Amino acid sequence: METCFDSKAKEISRQTDMISGRFDDLYKNQHPVILTDLVSKWLPMSSWTPEYLENALNMMDGLLKVYVSHDNQHFVNHPDVTELISMTTGEFFERVFGTMTAIPSISADSELEGKKRFYLRTHSMPPMLYKDVVVPSQAEALIRSLYTLPSKGEMIPPEASVSHGNQDRETKQSASSECTSEGVDAVITDNRPISFNKMTAGDDCSGKRLSPGGDLVENCPFFKENTMQLWIGTEGNVTPLHYDRNHGLLAQITGRKELILFPPEDTRYLYPYPSLSNRAHTSRVNLRQLNQEGYIDRFPKLCEAQRYRCILQPGELLYIPPFWWHDVTSLDNCVSVTLPWDLDDTDPIPPAILL
């Protein structure tokens, strides 16, 4: 049964050869976009087999903390939806990628019987895997796509890379400071897993001021080891409709994920939990039940929302702006990496989020 909601989906655009000025003008804080020519060249695409990942996680102390879902489908870090259990690394990988699937399911949905689902989400990047992500040639390519990084001399923030005919932009442009070519060239030419060459006081890749001696990759906001996250989970896992208060990059390594997204101005149509709730950033709408008779009648404003969608393929990178609502379904057993970074003083907060 088709609903008023089904006919309104727009596809997220796919781009290659992104440059920082275009990203800043068209997408940053404005619209999701898929970059197809970056992650496809990453070392993890060829090296992150289940055996390799298991070995990397085995190097960490203790048991894995793994999410299981009360309905065997939805995964949110909230006790009403999921709980954390402890598993050995070997058991987890056998459950996800091996043969241990014919175990009792806690779901009443007959389609889910016979396979219990699991989701591992690390709260920082395991060191061995972090080094695979920040290989300097990979890092430099991503930096150049999102922020202006000249090969020598001055490191110009993204506002200065395109002429806007705008006095505010010109003011920011004149405020850019210098970075030594040694620090820049180290990231471009050094093929070790991480560069320890230093740069002088000035701007990091996001245009923020740095103290002397910061490492270029280390100071890029999306290359922080303690905020980068690894996600490994079973086919059919769902992260229900929610928004995040940060910029997000979702790098798909293994398997496919389907995403449904809504702009923040449609918040009033998406039935979020009350603002004082600890689930205020999540929606009460279950997008998988829209075809059930009478369900859409419970949320009639949903028909006014503009839906965007994509199926993220292995080797693709999705940028999700702050406060964009998104619902994620793993179409296969999946391995993904998220690279979030915080808002700064120049990032707008959509008024619809504050209502």
# chains A, B, ... in the order shown; residues from 1 in each chain; ligands from 1
>>> residues_around(residues="segment 278-290 of chain A", least_positions_apart="4", cutoff="12 Å", atoms="only C-alpha atoms", output="ChimeraX atom specification")
/A:1-6,73-81,236,238-245,259-262,264,266-274,294-303,307,322-329,353-355
>>> write_last_selection(atoms="C-alpha atoms", output="tab-separated table (two decimals), in the first residue's frame")
chain	number	residue	atom	x	y	z
A	1	MET	CA	0.00	0.00	0.00
A	2	GLU	CA	1.55	3.29	-1.11
A	3	THR	CA	1.17	6.23	1.26
A	4	CYS	CA	1.42	9.98	0.67
A	5	PHE	CA	4.91	9.67	2.11
A	6	ASP	CA	6.24	7.17	-0.45
A	73	GLN	CA	15.77	-4.78	15.02
A	74	HIS	CA	16.12	-1.24	16.40
A	75	PHE	CA	19.36	0.00	17.95
A	76	VAL	CA	19.51	3.19	20.02
A	77	ASN	CA	21.66	3.84	23.05
A	78	HIS	CA	18.66	3.88	25.38
A	79	PRO	CA	17.51	1.21	27.87
A	80	ASP	CA	13.99	1.21	26.42
A	81	VAL	CA	15.42	0.02	23.09
A	236	GLY	CA	18.76	-5.88	9.19
A	238	VAL	CA	18.10	-0.37	12.19
A	239	THR	CA	19.14	2.91	13.73
A	240	PRO	CA	15.76	4.68	13.93
A	241	LEU	CA	15.03	8.25	12.92
A	242	HIS	CA	17.15	10.75	14.87
A	243	TYR	CA	19.50	13.70	14.42
A	244	ASP	CA	23.02	14.44	15.67
A	245	ARG	CA	24.34	17.77	16.93
A	259	LEU	CA	19.41	5.92	4.69
A	260	ILE	CA	16.24	8.00	4.87
A	261	LEU	CA	16.94	11.66	5.68
A	262	PHE	CA	14.92	14.80	6.40
A	264	PRO	CA	15.91	20.11	10.07
A	266	ASP	CA	10.86	19.46	8.73
A	267	THR	CA	11.31	18.70	12.44
A	268	ARG	CA	7.72	19.83	13.15
A	269	TYR	CA	6.46	17.04	10.87
A	270	LEU	CA	8.57	14.24	12.40
A	271	TYR	CA	7.03	13.92	15.89
A	272	PRO	CA	10.17	14.09	18.06
A	273	TYR	CA	10.00	13.05	21.68
A	274	PRO	CA	9.38	15.94	24.12
A	294	GLY	CA	-4.03	3.19	10.12
A	295	TYR	CA	-0.42	3.88	11.14
A	296	ILE	CA	0.05	6.99	9.00
A	297	ASP	CA	-3.19	8.36	10.49
A	298	ARG	CA	-1.42	8.56	13.84
A	299	PHE	CA	1.22	10.89	12.34
A	300	PRO	CA	-0.60	12.85	9.63
A	301	LYS	CA	1.95	15.70	9.47
A	302	LEU	CA	4.54	13.22	8.22
A	303	CYS	CA	3.04	13.61	4.73
A	307	ARG	CA	12.18	12.69	2.35
A	322	PRO	CA	24.23	18.82	11.77
A	323	PHE	CA	20.59	18.38	12.78
A	324	TRP	CA	19.58	16.46	9.66
A	325	TRP	CA	17.27	13.62	10.66
A	326	HIS	CA	18.34	10.19	9.43
A	327	ASP	CA	17.19	6.58	9.69
A	328	VAL	CA	19.70	3.84	8.82
A	329	THR	CA	19.12	0.21	7.82
A	353	ILE	CA	15.41	22.61	16.22
A	354	LEU	CA	14.97	25.24	18.92
A	355	LEU	CA	11.17	25.22	18.84
>>> closest_atom_pairs(of="segment 211-273 of chain A", to="segment 334-338 of chain A", cutoff="8 Å", atoms="only C-alpha atoms", output="CSV")
residue,atom,partner,partner_atom,distance
A:Met228,CA,A:Thr338,CA,5.8
A:Gln229,CA,A:Thr338,CA,5.2
A:Leu230,CA,A:Val337,CA,4.8
A:Trp231,CA,A:Ser336,CA,5.1
A:Ile232,CA,A:Val335,CA,4.6
A:Gly233,CA,A:Cys334,CA,5.5
A:Thr234,CA,A:Cys334,CA,6.5
A:Glu235,CA,A:Cys334,CA,7.0
A:Gly248,CA,A:Thr338,CA,6.8
A:Leu249,CA,A:Thr338,CA,5.5
A:Leu250,CA,A:Thr338,CA,4.7
A:Ala251,CA,A:Val337,CA,5.1
A:Gln252,CA,A:Ser336,CA,4.7
A:Ile253,CA,A:Ser336,CA,5.3
A:Thr254,CA,A:Val335,CA,4.8
A:Gly255,CA,A:Cys334,CA,4.6
A:Arg256,CA,A:Cys334,CA,6.7
A:Lys257,CA,A:Cys334,CA,7.8
>>> closest_residue(among="A:Phe93, A:Thr122, A:Val66, A:Gln15", to="Leu38 of chain A", atoms="only C-alpha atoms")
A:Gln15
>>> residues_around(residues="segment 45-47 of chain A", least_positions_apart="4", cutoff="10 Å", atoms="only C-alpha atoms", output="MDAnalysis selection string")
chainID A and resid 39:41 51:53 132 252:254 314:315
>>> select_by_dssp(residues="segment 59-144 of chain A", states="strand (DSSP E)", output="list in words")
Leu64, Lys65, Val66, Tyr67, Val68, Ser69, Thr82, Glu83, Leu84, Ile85, Ser86, Met87, Tyr119, Leu120 and Arg121 of chain A
>>> write_last_selection(atoms="N, CA, C and O atoms", output="PDB file, in the first residue's frame")
ATOM      1  N   LEU A  64      34.240  -7.380  24.525  1.00  0.00           N
ATOM      2  CA  LEU A  64      33.544  -6.363  23.758  1.00  0.00           C
ATOM      3  C   LEU A  64      32.203  -6.039  24.415  1.00  0.00           C
ATOM      4  O   LEU A  64      31.519  -6.926  24.930  1.00  0.00           O
ATOM      5  N   LYS A  65      31.825  -4.770  24.384  1.00  0.00           N
ATOM      6  CA  LYS A  65      30.499  -4.341  24.804  1.00  0.00           C
ATOM      7  C   LYS A  65      29.643  -4.195  23.558  1.00  0.00           C
ATOM      8  O   LYS A  65      29.894  -3.328  22.711  1.00  0.00           O
ATOM      9  N   VAL A  66      28.633  -5.046  23.411  1.00  0.00           N
ATOM     10  CA  VAL A  66      27.871  -5.159  22.183  1.00  0.00           C
ATOM     11  C   VAL A  66      26.397  -4.875  22.479  1.00  0.00           C
ATOM     12  O   VAL A  66      25.858  -5.325  23.501  1.00  0.00           O
ATOM     13  N   TYR A  67      25.740  -4.138  21.593  1.00  0.00           N
ATOM     14  CA  TYR A  67      24.320  -3.848  21.754  1.00  0.00           C
ATOM     15  C   TYR A  67      23.474  -5.008  21.220  1.00  0.00           C
ATOM     16  O   TYR A  67      23.736  -5.554  20.148  1.00  0.00           O
ATOM     17  N   VAL A  68      22.447  -5.356  21.978  1.00  0.00           N
ATOM     18  CA  VAL A  68      21.371  -6.211  21.485  1.00  0.00           C
ATOM     19  C   VAL A  68      20.077  -5.418  21.627  1.00  0.00           C
ATOM     20  O   VAL A  68      19.945  -4.557  22.497  1.00  0.00           O
ATOM     21  N   SER A  69      19.142  -5.697  20.747  1.00  0.00           N
ATOM     22  CA  SER A  69      17.908  -4.920  20.680  1.00  0.00           C
ATOM     23  C   SER A  69      16.756  -5.692  21.297  1.00  0.00           C
ATOM     24  O   SER A  69      16.618  -6.891  21.099  1.00  0.00           O
ATOM     25  N   THR A  82      17.573  -0.873  23.736  1.00  0.00           N
ATOM     26  CA  THR A  82      18.684  -1.823  23.671  1.00  0.00           C
ATOM     27  C   THR A  82      19.280  -2.064  25.050  1.00  0.00           C
ATOM     28  O   THR A  82      19.001  -1.345  26.015  1.00  0.00           O
ATOM     29  N   GLU A  83      20.121  -3.081  25.118  1.00  0.00           N
ATOM     30  CA  GLU A  83      20.976  -3.283  26.282  1.00  0.00           C
ATOM     31  C   GLU A  83      22.366  -3.689  25.804  1.00  0.00           C
ATOM     32  O   GLU A  83      22.535  -4.207  24.704  1.00  0.00           O
ATOM     33  N   LEU A  84      23.356  -3.413  26.640  1.00  0.00           N
ATOM     34  CA  LEU A  84      24.725  -3.796  26.342  1.00  0.00           C
ATOM     35  C   LEU A  84      25.033  -5.134  26.981  1.00  0.00           C
ATOM     36  O   LEU A  84      24.721  -5.364  28.161  1.00  0.00           O
ATOM     37  N   ILE A  85      25.634  -6.030  26.216  1.00  0.00           N
ATOM     38  CA  ILE A  85      26.080  -7.306  26.747  1.00  0.00           C
ATOM     39  C   ILE A  85      27.569  -7.451  26.464  1.00  0.00           C
ATOM     40  O   ILE A  85      28.127  -6.766  25.602  1.00  0.00           O
ATOM     41  N   SER A  86      28.223  -8.330  27.195  1.00  0.00           N
ATOM     42  CA  SER A  86      29.645  -8.585  27.007  1.00  0.00           C
ATOM     43  C   SER A  86      29.827  -9.860  26.188  1.00  0.00           C
ATOM     44  O   SER A  86      29.164 -10.871  26.433  1.00  0.00           O
ATOM     45  N   MET A  87      30.715  -9.795  25.221  1.00  0.00           N
ATOM     46  CA  MET A  87      31.009 -10.943  24.367  1.00  0.00           C
ATOM     47  C   MET A  87      32.509 -10.981  24.106  1.00  0.00           C
ATOM     48  O   MET A  87      33.165  -9.941  24.060  1.00  0.00           O
ATOM     49  N   TYR A 119      25.097  -5.302  17.419  1.00  0.00           N
ATOM     50  CA  TYR A 119      25.738  -4.093  16.902  1.00  0.00           C
ATOM     51  C   TYR A 119      26.884  -3.720  17.825  1.00  0.00           C
ATOM     52  O   TYR A 119      26.685  -3.547  19.037  1.00  0.00           O
ATOM     53  N   LEU A 120      28.065  -3.603  17.252  1.00  0.00           N
ATOM     54  CA  LEU A 120      29.222  -3.098  17.984  1.00  0.00           C
ATOM     55  C   LEU A 120      29.466  -1.664  17.554  1.00  0.00           C
ATOM     56  O   LEU A 120      29.582  -1.367  16.364  1.00  0.00           O
ATOM     57  N   ARG A 121      29.526  -0.782  18.521  1.00  0.00           N
ATOM     58  CA  ARG A 121      29.869   0.626  18.271  1.00  0.00           C
ATOM     59  C   ARG A 121      30.955   1.015  19.257  1.00  0.00           C
ATOM     60  O   ARG A 121      30.724   1.038  20.467  1.00  0.00           O
TER      61      ARG A 121
END
